[in-house]
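The structure appears below as structure tokens.
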2 protein chains.
Amino acid sequence: MTGCWIALEGGEGSGKSTQARRLASALGAVLTREPGGTALGARIRELLLSPAEPAAGAAGAAGAAGAAGMDPRTETLLMAADRAEHFAAVISPALAAGLVVVSDRSAWSSLAYQGYARELGAGAVRGISDWAMHGRWPDLAVLVDVPPAVAAGRLAAAGRVPDRLEAEGASFHGLVRAGFAALAADSPDRWVVVDGDGSEEAVAARVLAAVNDRLAL
Amino acid sequence: MTGCWIALEGGEGSGKSTQARRLASALGAVLTREPGGTALGARIRELLLSPAEPAAGAAGAAGAAGAAGMDPRTETLLMAADRAEHFAAVISPALAAGLVVVSDRSAWSSLAYQGYARELGAGAVRGISDWAMHGRWPDLAVLVDVPPAVAAGRLAAAGRVPDRLEAEGASFHGLVRAGFAALAADSPDRWVVVDGDGSEEAVAARVLAAVNDRLAL
């Protein structure tokens with residue numbers, strides 16, 4: 001018996017973390033996340049999302065290129081490192097045990113964020129993620145799609161300091177949203193798009209209906 | 001004017017870090033290292049080399065595969081993330097400024113350690129490193145080669161707690177040494193092998209002579 005792997009995807013403020021939690025509860029599934037689904041991954045997540053520290057090059061190094069934040073390829077490879085660990089330690093054993101797994105984000109997020117929004121190209125990012133996961137991708141990705149104004153309002157209402165990716169500008173978040181839409185359109189057999197505007201309960205009902213419609217769980 | 005990039009390579013206890021320092025001093029070069037040549041890289045290095053902590057999967061996750069230490073692909077991708085940051089923030093600006101850079105390890109170490117000794121295959125590891133460095137490799141790699149017994153004696157004499165990679169067994173270190181030898185034999189135009197057995201001064205003279213023989217610095 002092999003399990004089933006469902007990824008909740010979407011931009012910052014889309015509500016996908018909340019929806020991942022609700023879906024896992026409704027299905028009696030394993031709830032996990034990327035980045036940060038393992039002990040090592042939690043430390044990698046900290047590197048990825050904590051506000052940038054002043055970078056110091058090696059002694060005597062010239063220049064400060066890439067000093068603000070981190071290089072986009074560094075970001076991509078840290079995400080992939082987290083993913084490899086998560087796949088080996090959590091996803092793969094759970095699937096082998098026949099469990100249903102709901103993950104708050106997956107490799108698809110790297111394609112949208114680093115491939116599209118950071119403009120590194122989906123091909124290279126896809127290849128690296130594919131290697132990290134031994135070629136196994138989520139059985140279904142659920143895109144929780146919300147208009148930018150709704151997402152911005154939710155982040156503001158959360159009333160906390162935004163992390164490094166949340167703090168990116170509106171044009172970045174627009175690219176992420178367009179990237180997700182393109183990915184879902186390119187692979188309709190692996191994606192379902194759900195309207196994420198509305199109450200938590202209303203969206204949860206839509207997500208569960210979409211998953212039941214697509215998977216025989 | 002473009003600079004020149006020399007990497008010192010070798011197994012644990014080969015003396016390559018000492019020799020990198022001496023070579024950089026002799027050449028008036030920038031001295032740097034992988035992993036850990038940037039502020040972010042120092043944090044990644046800590047993840048890579050600190051003894052493994054007990055891994056905790058996500059809540060409810062089944063199984064504990066990969067819980068000891070880290071998955072070999074995770075290790076590879078963390079090394080590559082460090083490399084991307086190092087290349088963008090230190091190596092590339094230094095080369096653009098026409099400087100000579102001496103690096104204690106480089107992508108070649110990943111091919112020997114993760115590609116050969118972890119048996120992930122040199123092809124995949126080479127491709128990921130190539131992407132991290134935008135296709136730019138060291139101009140010359142100097143392999144500081146020592147017999148296993150000499151390396152083990154130096155590590156024992158150092159009298160400190162071995163890091164996660166140093167603590168691997170003799171068969172692992174044997175694979176690393178064989179990997180380096182194969183890489184050097186495959187690309188003789190990009191490698192020079194130096195006998196690392198002998199006094200620090202004697203080896204330093206050999207390294208400097210080999211570099212002068214191969215590069216017009």
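Ordering of the structure tokens sets the chain letters (A, B, ...); residue numbers start at 1 within each chain; ligands are numbered from 1 in the order shown.
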
In segment 46-197 of chain A, DSSP strand (DSSP E or B) residues written as an MDAnalysis selection string: chainID A and resid 100:104 140:145 191:195

Contact residues around Leu143 of chain A with only C-alpha atoms at 10 Å, ignoring same-chain residues under 2 positions, as a VMD selection string: chain A and resid 7 to 11 14 16 105 140 to 141 145 to 146 177 180 to 181 183 to 184 191 to 196 207

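For the atom pair formed by atom CA of Leu215 of chain B and atom CA of Ala94 of chain B, the distance is 17.5 Å, given to one decimal.
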
Coordinates-based distance that separates atom CA of Arg206 of chain A from atom CA of Leu31 of chain A (Å, one decimal):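 Interatomic distance, atom CA of Leu31 of chain A to atom CA of Arg206 of chain A: 18.7 Å.
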
Shell around Leu155 of chain B at 12 Å using only C-alpha atoms, local window under 5 positions removed, as a PyMOL selection string: chain B and resi 11-15+148-150+160-163+166-167

Writer output for current selection, N, CA and C atoms, as a short mmCIF file (atom, residue, chain, number, x, y, z; two decimals), in the first residue's frame:
data_model
loop_
_atom_site.label_atom_id
_atom_site.label_comp_id
_atom_site.auth_asym_id
_atom_site.auth_seq_id
_atom_site.Cartn_x
_atom_site.Cartn_y
_atom_site.Cartn_z
N GLY B 11 41.72 15.34 1.71
CA GLY B 11 40.89 14.76 2.74
C GLY B 11 41.14 15.39 4.10
N GLU B 12 40.43 14.86 5.12
CA GLU B 12 40.63 15.34 6.50
C GLU B 12 42.05 15.00 6.94
N GLY B 13 42.73 15.97 7.56
CA GLY B 13 44.08 15.71 8.03
C GLY B 13 45.14 15.78 6.95
N SER B 14 44.78 16.25 5.76
CA SER B 14 45.77 16.34 4.67
C SER B 14 46.68 17.55 4.84
N GLY B 15 46.25 18.50 5.65
CA GLY B 15 47.02 19.72 5.82
C GLY B 15 46.65 20.81 4.83
N PRO B 148 46.69 7.53 4.24
CA PRO B 148 45.69 7.52 5.32
C PRO B 148 46.29 7.54 6.72
N ALA B 149 47.39 6.81 6.92
CA ALA B 149 47.97 6.74 8.27
C ALA B 149 48.49 8.11 8.71
N VAL B 150 49.05 8.86 7.76
CA VAL B 150 49.55 10.20 8.08
C VAL B 150 48.38 11.12 8.45
N ARG B 160 41.34 17.41 19.22
CA ARG B 160 40.04 18.05 19.43
C ARG B 160 38.94 17.07 19.00
N VAL B 161 37.70 17.43 19.34
CA VAL B 161 36.57 16.58 18.97
C VAL B 161 36.39 16.65 17.46
N PRO B 162 36.39 15.51 16.78
CA PRO B 162 36.23 15.54 15.32
C PRO B 162 34.84 16.02 14.93
N ASP B 163 34.76 16.77 13.79
CA ASP B 163 33.44 17.18 13.32
C ASP B 163 32.76 16.00 12.62
N GLU B 166 34.82 14.49 9.72
CA GLU B 166 36.06 13.90 10.22
C GLU B 166 35.78 12.58 10.93
N ALA B 167 34.61 12.51 11.58
CA ALA B 167 34.29 11.33 12.40
C ALA B 167 33.86 10.12 11.58
#

Could you go through chain A and tell me which residues DSSP, when run on the backbone, assigns to alpha helix (DSSP H), listing them as an mmCIF file with N, CA and C atoms, in the first residue's frame?
data_model
loop_
_atom_site.group_PDB
_atom_site.id
_atom_site.type_symbol
_atom_site.label_atom_id
_atom_site.label_comp_id
_atom_site.auth_asym_id
_atom_site.auth_seq_id
_atom_site.Cartn_x
_atom_site.Cartn_y
_atom_site.Cartn_z
ATOM 1 N N LYS A 16 -3.053 29.347 3.125
ATOM 2 C CA LYS A 16 -2.799 27.915 2.850
ATOM 3 C C LYS A 16 -2.308 27.161 4.082
ATOM 4 N N SER A 17 -1.603 27.810 5.012
ATOM 5 C CA SER A 17 -1.154 27.092 6.222
ATOM 6 C C SER A 17 -2.356 26.693 7.075
ATOM 7 N N THR A 18 -3.279 27.620 7.231
ATOM 8 C CA THR A 18 -4.514 27.326 7.963
ATOM 9 C C THR A 18 -5.284 26.212 7.273
ATOM 10 N N GLN A 19 -5.365 26.302 5.965
ATOM 11 C CA GLN A 19 -6.127 25.296 5.206
ATOM 12 C C GLN A 19 -5.429 23.930 5.235
ATOM 13 N N ALA A 20 -4.099 23.930 5.246
ATOM 14 C CA ALA A 20 -3.375 22.655 5.341
ATOM 15 C C ALA A 20 -3.726 21.967 6.661
ATOM 16 N N ARG A 21 -3.766 22.773 7.727
ATOM 17 C CA ARG A 21 -4.085 22.235 9.049
ATOM 18 C C ARG A 21 -5.501 21.654 9.065
ATOM 19 N N ARG A 22 -6.423 22.406 8.518
ATOM 20 C CA ARG A 22 -7.824 21.945 8.507
ATOM 21 C C ARG A 22 -7.993 20.695 7.650
ATOM 22 N N LEU A 23 -7.315 20.669 6.504
ATOM 23 C CA LEU A 23 -7.455 19.516 5.605
ATOM 24 C C LEU A 23 -6.873 18.260 6.246
ATOM 25 N N ALA A 24 -5.695 18.410 6.875
ATOM 26 C CA ALA A 24 -5.069 17.253 7.529
ATOM 27 C C ALA A 24 -5.985 16.713 8.626
ATOM 28 N N SER A 25 -6.610 17.629 9.353
ATOM 29 C CA SER A 25 -7.522 17.216 10.426
ATOM 30 C C SER A 25 -8.735 16.493 9.845
ATOM 31 N N ALA A 26 -9.277 17.024 8.765
ATOM 32 C CA ALA A 26 -10.474 16.415 8.154
ATOM 33 C C ALA A 26 -10.173 15.025 7.604
ATOM 34 N N LEU A 27 -8.949 14.834 7.098
ATOM 35 C CA LEU A 27 -8.589 13.558 6.470
ATOM 36 C C LEU A 27 -7.906 12.596 7.425
ATOM 37 N N ALA A 39 13.824 18.520 12.161
ATOM 38 C CA ALA A 39 14.617 19.314 13.110
ATOM 39 C C ALA A 39 15.683 20.117 12.358
ATOM 40 N N LEU A 40 16.371 19.450 11.419
ATOM 41 C CA LEU A 40 17.364 20.167 10.627
ATOM 42 C C LEU A 40 16.685 21.212 9.753
ATOM 43 N N GLY A 41 15.538 20.854 9.200
ATOM 44 C CA GLY A 41 14.803 21.789 8.346
ATOM 45 C C GLY A 41 14.367 23.038 9.100
ATOM 46 N N ALA A 42 14.063 22.896 10.375
ATOM 47 C CA ALA A 42 13.680 24.069 11.165
ATOM 48 C C ALA A 42 14.852 25.052 11.259
ATOM 49 N N ARG A 43 16.073 24.499 11.331
ATOM 50 C CA ARG A 43 17.263 25.375 11.378
ATOM 51 C C ARG A 43 17.506 25.997 10.000
ATOM 52 N N ILE A 44 17.244 25.239 8.928
ATOM 53 C CA ILE A 44 17.380 25.801 7.582
ATOM 54 C C ILE A 44 16.323 26.890 7.366
ATOM 55 N N ARG A 45 15.101 26.629 7.832
ATOM 56 C CA ARG A 45 14.030 27.623 7.699
ATOM 57 C C ARG A 45 14.413 28.944 8.360
ATOM 58 N N GLU A 46 15.066 28.821 9.502
ATOM 59 C CA GLU A 46 15.520 30.023 10.223
ATOM 60 C C GLU A 46 16.494 30.828 9.351
ATOM 61 N N LEU A 47 17.423 30.127 8.692
ATOM 62 C CA LEU A 47 18.360 30.822 7.797
ATOM 63 C C LEU A 47 17.613 31.505 6.655
ATOM 64 N N LEU A 48 16.572 30.829 6.160
ATOM 65 C CA LEU A 48 15.864 31.339 4.985
ATOM 66 C C LEU A 48 14.983 32.536 5.300
ATOM 67 N N LEU A 49 14.360 32.529 6.463
ATOM 68 C CA LEU A 49 13.313 33.521 6.708
ATOM 69 C C LEU A 49 13.693 34.624 7.681
ATOM 70 N N PRO A 72 19.908 34.556 -4.938
ATOM 71 C CA PRO A 72 18.732 33.735 -5.261
ATOM 72 C C PRO A 72 19.058 32.246 -5.417
ATOM 73 N N ARG A 73 20.273 31.932 -5.888
ATOM 74 C CA ARG A 73 20.631 30.514 -6.013
ATOM 75 C C ARG A 73 20.875 29.885 -4.641
ATOM 76 N N THR A 74 21.415 30.674 -3.708
ATOM 77 C CA THR A 74 21.558 30.195 -2.332
ATOM 78 C C THR A 74 20.188 29.854 -1.764
ATOM 79 N N GLU A 75 19.256 30.771 -1.967
ATOM 80 C CA GLU A 75 17.889 30.562 -1.475
ATOM 81 C C GLU A 75 17.298 29.271 -2.041
ATOM 82 N N THR A 76 17.467 29.086 -3.347
ATOM 83 C CA THR A 76 16.949 27.890 -4.021
ATOM 84 C C THR A 76 17.556 26.619 -3.437
ATOM 85 N N LEU A 77 18.868 26.643 -3.224
ATOM 86 C CA LEU A 77 19.562 25.438 -2.757
ATOM 87 C C LEU A 77 19.280 25.154 -1.285
ATOM 88 N N LEU A 78 19.072 26.197 -0.488
ATOM 89 C CA LEU A 78 18.660 25.963 0.907
ATOM 90 C C LEU A 78 17.265 25.344 0.943
ATOM 91 N N MET A 79 16.365 25.840 0.111
ATOM 92 C CA MET A 79 15.023 25.238 0.027
ATOM 93 C C MET A 79 15.136 23.772 -0.382
ATOM 94 N N ALA A 80 16.002 23.500 -1.344
ATOM 95 C CA ALA A 80 16.155 22.117 -1.823
ATOM 96 C C ALA A 80 16.784 21.222 -0.760
ATOM 97 N N ALA A 81 17.709 21.762 0.028
ATOM 98 C CA ALA A 81 18.320 20.984 1.116
ATOM 99 C C ALA A 81 17.257 20.610 2.147
ATOM 100 N N ASP A 82 16.447 21.581 2.517
ATOM 101 C CA ASP A 82 15.338 21.299 3.427
ATOM 102 C C ASP A 82 14.439 20.211 2.848
ATOM 103 N N ARG A 83 14.195 20.304 1.553
ATOM 104 C CA ARG A 83 13.290 19.367 0.860
ATOM 105 C C ARG A 83 13.856 17.949 0.852
ATOM 106 N N ALA A 84 15.150 17.825 0.602
ATOM 107 C CA ALA A 84 15.765 16.490 0.577
ATOM 108 C C ALA A 84 15.629 15.819 1.939
ATOM 109 N N GLU A 85 15.879 16.595 2.996
ATOM 110 C CA GLU A 85 15.778 16.037 4.340
ATOM 111 C C GLU A 85 14.330 15.667 4.675
ATOM 112 N N HIS A 86 13.431 16.551 4.298
ATOM 113 C CA HIS A 86 12.006 16.342 4.553
ATOM 114 C C HIS A 86 11.497 15.114 3.810
ATOM 115 N N SER A 92 8.796 10.260 2.565
ATOM 116 C CA SER A 92 8.972 8.921 2.014
ATOM 117 C C SER A 92 8.539 7.824 2.988
ATOM 118 N N PRO A 93 8.938 7.883 4.280
ATOM 119 C CA PRO A 93 8.472 6.854 5.219
ATOM 120 C C PRO A 93 6.952 6.873 5.402
ATOM 121 N N ALA A 94 6.357 8.063 5.411
ATOM 122 C CA ALA A 94 4.903 8.137 5.595
ATOM 123 C C ALA A 94 4.176 7.518 4.408
ATOM 124 N N LEU A 95 4.650 7.800 3.199
ATOM 125 C CA LEU A 95 4.017 7.221 2.015
ATOM 126 C C LEU A 95 4.197 5.706 2.004
ATOM 127 N N ALA A 96 5.398 5.269 2.391
ATOM 128 C CA ALA A 96 5.661 3.822 2.412
ATOM 129 C C ALA A 96 4.756 3.115 3.413
ATOM 130 N N ALA A 107 7.791 21.368 -3.337
ATOM 131 C CA ALA A 107 8.703 21.821 -4.387
ATOM 132 C C ALA A 107 8.044 22.815 -5.338
ATOM 133 N N TRP A 108 6.733 22.715 -5.498
ATOM 134 C CA TRP A 108 6.059 23.665 -6.397
ATOM 135 C C TRP A 108 6.291 25.110 -5.957
ATOM 136 N N SER A 109 6.372 25.332 -4.648
ATOM 137 C CA SER A 109 6.644 26.705 -4.179
ATOM 138 C C SER A 109 7.982 27.207 -4.685
ATOM 139 N N SER A 110 8.974 26.314 -4.747
ATOM 140 C CA SER A 110 10.276 26.744 -5.260
ATOM 141 C C SER A 110 10.185 27.140 -6.725
ATOM 142 N N ALA A 122 12.195 27.973 -14.422
ATOM 143 C CA ALA A 122 11.569 26.813 -13.777
ATOM 144 C C ALA A 122 12.363 25.539 -14.048
ATOM 145 N N GLY A 123 13.066 25.456 -15.165
ATOM 146 C CA GLY A 123 13.756 24.219 -15.535
ATOM 147 C C GLY A 123 14.831 23.817 -14.543
ATOM 148 N N ALA A 124 15.737 24.732 -14.227
ATOM 149 C CA ALA A 124 16.821 24.408 -13.297
ATOM 150 C C ALA A 124 16.272 24.114 -11.910
ATOM 151 N N VAL A 125 15.313 24.913 -11.476
ATOM 152 C CA VAL A 125 14.756 24.738 -10.135
ATOM 153 C C VAL A 125 14.003 23.416 -10.049
ATOM 154 N N ARG A 126 13.297 23.062 -11.117
ATOM 155 C CA ARG A 126 12.577 21.797 -11.164
ATOM 156 C C ARG A 126 13.554 20.615 -11.096
ATOM 157 N N GLY A 127 14.663 20.710 -11.823
ATOM 158 C CA GLY A 127 15.643 19.623 -11.833
ATOM 159 C C GLY A 127 16.261 19.388 -10.473
ATOM 160 N N ILE A 128 16.583 20.471 -9.773
ATOM 161 C CA ILE A 128 17.190 20.343 -8.445
ATOM 162 C C ILE A 128 16.193 19.752 -7.452
ATOM 163 N N SER A 129 14.944 20.217 -7.503
ATOM 164 C CA SER A 129 13.921 19.672 -6.605
ATOM 165 C C SER A 129 13.661 18.208 -6.916
ATOM 166 N N ASP A 130 13.644 17.890 -8.196
ATOM 167 C CA ASP A 130 13.404 16.509 -8.615
ATOM 168 C C ASP A 130 14.471 15.575 -8.023
ATOM 169 N N TRP A 131 15.708 16.036 -8.042
ATOM 170 C CA TRP A 131 16.804 15.251 -7.472
ATOM 171 C C TRP A 131 16.636 15.115 -5.963
ATOM 172 N N ALA A 132 16.249 16.213 -5.310
ATOM 173 C CA ALA A 132 16.072 16.193 -3.850
ATOM 174 C C ALA A 132 15.007 15.177 -3.440
ATOM 175 N N PRO A 148 -4.461 39.902 -4.565
ATOM 176 C CA PRO A 148 -3.382 40.530 -3.790
ATOM 177 C C PRO A 148 -3.880 41.387 -2.631
ATOM 178 N N ALA A 149 -4.975 42.099 -2.827
ATOM 179 C CA ALA A 149 -5.460 42.989 -1.766
ATOM 180 C C ALA A 149 -5.917 42.180 -0.549
ATOM 181 N N VAL A 150 -6.527 41.026 -0.806
ATOM 182 C CA VAL A 150 -6.973 40.168 0.302
ATOM 183 C C VAL A 150 -5.768 39.626 1.068
ATOM 184 N N ALA A 151 -4.749 39.171 0.315
ATOM 185 C CA ALA A 151 -3.546 38.632 0.957
ATOM 186 C C ALA A 151 -2.866 39.706 1.800
ATOM 187 N N ALA A 152 -2.746 40.908 1.237
ATOM 188 C CA ALA A 152 -2.082 42.001 1.969
ATOM 189 C C ALA A 152 -2.849 42.328 3.236
ATOM 190 N N GLY A 153 -4.179 42.310 3.155
ATOM 191 C CA GLY A 153 -5.011 42.602 4.320
ATOM 192 C C GLY A 153 -4.828 41.561 5.409
ATOM 193 N N ARG A 154 -4.716 40.293 5.006
ATOM 194 C CA ARG A 154 -4.533 39.229 6.000
ATOM 195 C C ARG A 154 -3.181 39.351 6.698
ATOM 196 N N LEU A 155 -2.145 39.675 5.911
ATOM 197 C CA LEU A 155 -0.822 39.822 6.521
ATOM 198 C C LEU A 155 -0.803 40.988 7.497
ATOM 199 N N ALA A 156 -1.457 42.085 7.106
ATOM 200 C CA ALA A 156 -1.505 43.265 7.983
ATOM 201 C C ALA A 156 -2.271 42.934 9.263
ATOM 202 N N ALA A 157 -3.374 42.192 9.108
ATOM 203 C CA ALA A 157 -4.192 41.842 10.274
ATOM 204 C C ALA A 157 -3.458 40.912 11.225
ATOM 205 N N ALA A 158 -2.489 40.142 10.687
ATOM 206 C CA ALA A 158 -1.740 39.206 11.533
ATOM 207 C C ALA A 158 -0.912 39.972 12.562
ATOM 208 N N ALA A 170 5.197 44.292 -3.668
ATOM 209 C CA ALA A 170 3.983 43.827 -4.352
ATOM 210 C C ALA A 170 4.308 43.197 -5.703
ATOM 211 N N SER A 171 5.319 43.708 -6.397
ATOM 212 C CA SER A 171 5.616 43.146 -7.716
ATOM 213 C C SER A 171 6.129 41.713 -7.570
ATOM 214 N N PHE A 172 6.916 41.460 -6.530
ATOM 215 C CA PHE A 172 7.391 40.091 -6.275
ATOM 216 C C PHE A 172 6.210 39.158 -6.011
ATOM 217 N N HIS A 173 5.311 39.601 -5.142
ATOM 218 C CA HIS A 173 4.168 38.750 -4.818
ATOM 219 C C HIS A 173 3.266 38.546 -6.035
ATOM 220 N N GLY A 174 3.214 39.546 -6.911
ATOM 221 C CA GLY A 174 2.459 39.392 -8.155
ATOM 222 C C GLY A 174 3.077 38.343 -9.054
ATOM 223 N N LEU A 175 4.425 38.319 -9.093
ATOM 224 C CA LEU A 175 5.115 37.297 -9.893
ATOM 225 C C LEU A 175 4.891 35.902 -9.320
ATOM 226 N N VAL A 176 4.896 35.801 -7.997
ATOM 227 C CA VAL A 176 4.643 34.506 -7.363
ATOM 228 C C VAL A 176 3.253 34.002 -7.754
ATOM 229 N N ARG A 177 2.275 34.884 -7.666
ATOM 230 C CA ARG A 177 0.899 34.476 -7.989
ATOM 231 C C ARG A 177 0.784 34.041 -9.444
ATOM 232 N N ALA A 178 1.419 34.815 -10.337
ATOM 233 C CA ALA A 178 1.390 34.459 -11.759
ATOM 234 C C ALA A 178 2.132 33.144 -11.995
ATOM 235 N N GLY A 179 3.215 32.922 -11.251
ATOM 236 C CA GLY A 179 3.965 31.680 -11.381
ATOM 237 C C GLY A 179 3.123 30.477 -10.988
ATOM 238 N N PHE A 180 2.427 30.590 -9.856
ATOM 239 C CA PHE A 180 1.546 29.492 -9.439
ATOM 240 C C PHE A 180 0.469 29.231 -10.494
ATOM 241 N N ALA A 181 -0.118 30.304 -11.018
ATOM 242 C CA ALA A 181 -1.184 30.136 -12.019
ATOM 243 C C ALA A 181 -0.642 29.422 -13.254
ATOM 244 N N ALA A 182 0.591 29.773 -13.659
ATOM 245 C CA ALA A 182 1.183 29.138 -14.846
ATOM 246 C C ALA A 182 1.471 27.662 -14.580
ATOM 247 N N LEU A 183 1.981 27.363 -13.394
ATOM 248 C CA LEU A 183 2.286 25.971 -13.055
ATOM 249 C C LEU A 183 1.019 25.125 -13.036
ATOM 250 N N ALA A 184 -0.043 25.670 -12.437
ATOM 251 C CA ALA A 184 -1.307 24.930 -12.372
ATOM 252 C C ALA A 184 -1.878 24.714 -13.768
ATOM 253 N N ALA A 185 -1.746 25.717 -14.627
ATOM 254 C CA ALA A 185 -2.281 25.598 -15.986
ATOM 255 C C ALA A 185 -1.480 24.592 -16.809
ATOM 256 N N ASP A 186 -0.161 24.518 -16.523
ATOM 257 C CA ASP A 186 0.709 23.606 -17.283
ATOM 258 C C ASP A 186 0.493 22.137 -16.921
ATOM 259 N N GLU A 200 -12.719 31.254 6.611
ATOM 260 C CA GLU A 200 -11.882 30.071 6.773
ATOM 261 C C GLU A 200 -12.707 28.803 6.527
ATOM 262 N N GLU A 201 -13.922 28.776 7.062
ATOM 263 C CA GLU A 201 -14.773 27.597 6.932
ATOM 264 C C GLU A 201 -15.190 27.377 5.481
ATOM 265 N N ALA A 202 -15.539 28.470 4.800
ATOM 266 C CA ALA A 202 -15.994 28.345 3.409
ATOM 267 C C ALA A 202 -14.872 27.824 2.527
ATOM 268 N N VAL A 203 -13.667 28.355 2.742
ATOM 269 C CA VAL A 203 -12.533 27.909 1.921
ATOM 270 C C VAL A 203 -12.193 26.456 2.244
ATOM 271 N N ALA A 204 -12.272 26.094 3.532
ATOM 272 C CA ALA A 204 -11.972 24.714 3.928
ATOM 273 C C ALA A 204 -12.922 23.739 3.240
ATOM 274 N N ALA A 205 -14.171 24.106 3.149
ATOM 275 C CA ALA A 205 -15.152 23.232 2.489
ATOM 276 C C ALA A 205 -14.814 23.087 1.012
ATOM 277 N N ARG A 206 -14.381 24.178 0.391
ATOM 278 C CA ARG A 206 -14.008 24.106 -1.032
ATOM 279 C C ARG A 206 -12.780 23.212 -1.224
ATOM 280 N N VAL A 207 -11.793 23.370 -0.335
ATOM 281 C CA VAL A 207 -10.556 22.569 -0.457
ATOM 282 C C VAL A 207 -10.894 21.084 -0.315
ATOM 283 N N LEU A 208 -11.687 20.749 0.713
ATOM 284 C CA LEU A 208 -12.019 19.337 0.944
ATOM 285 C C LEU A 208 -12.814 18.762 -0.228
ATOM 286 N N ALA A 209 -13.741 19.548 -0.760
ATOM 287 C CA ALA A 209 -14.531 19.079 -1.904
ATOM 288 C C ALA A 209 -13.637 18.844 -3.115
ATOM 289 N N ALA A 210 -12.686 19.755 -3.330
ATOM 290 C CA ALA A 210 -11.783 19.620 -4.481
ATOM 291 C C ALA A 210 -10.911 18.376 -4.341
ATOM 292 N N VAL A 211 -10.430 18.136 -3.129
ATOM 293 C CA VAL A 211 -9.564 16.969 -2.909
ATOM 294 C C VAL A 211 -10.372 15.687 -3.082
ATOM 295 N N ASN A 212 -11.583 15.652 -2.519
ATOM 296 C CA ASN A 212 -12.417 14.452 -2.654
ATOM 297 C C ASN A 212 -12.791 14.204 -4.108
ATOM 298 N N ASP A 213 -12.948 15.284 -4.841
ATOM 299 C CA ASP A 213 -13.302 15.157 -6.251
ATOM 300 C C ASP A 213 -12.163 14.547 -7.064
ATOM 301 N N ARG A 214 -10.924 14.829 -6.634
ATOM 302 C CA ARG A 214 -9.771 14.410 -7.435
ATOM 303 C C ARG A 214 -9.107 13.124 -6.958
#

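With distances taken over only C-alpha atoms, A:Asp71 is the one residue among A:Asp71, A:Asp197, A:Asp104, A:Asp139 lying closest to chain B.
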
Residue nearest chain A - candidates B:Ala29, B:Leu120, B:Cys4, B:Ala89, atoms counted: only C-alpha atoms: B:Ala89

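Distances here use only C-alpha atoms; by that measure, the residue among B:Val30, B:Ile6, B:Ala216, B:Val101 closest to chain A is B:Val30.
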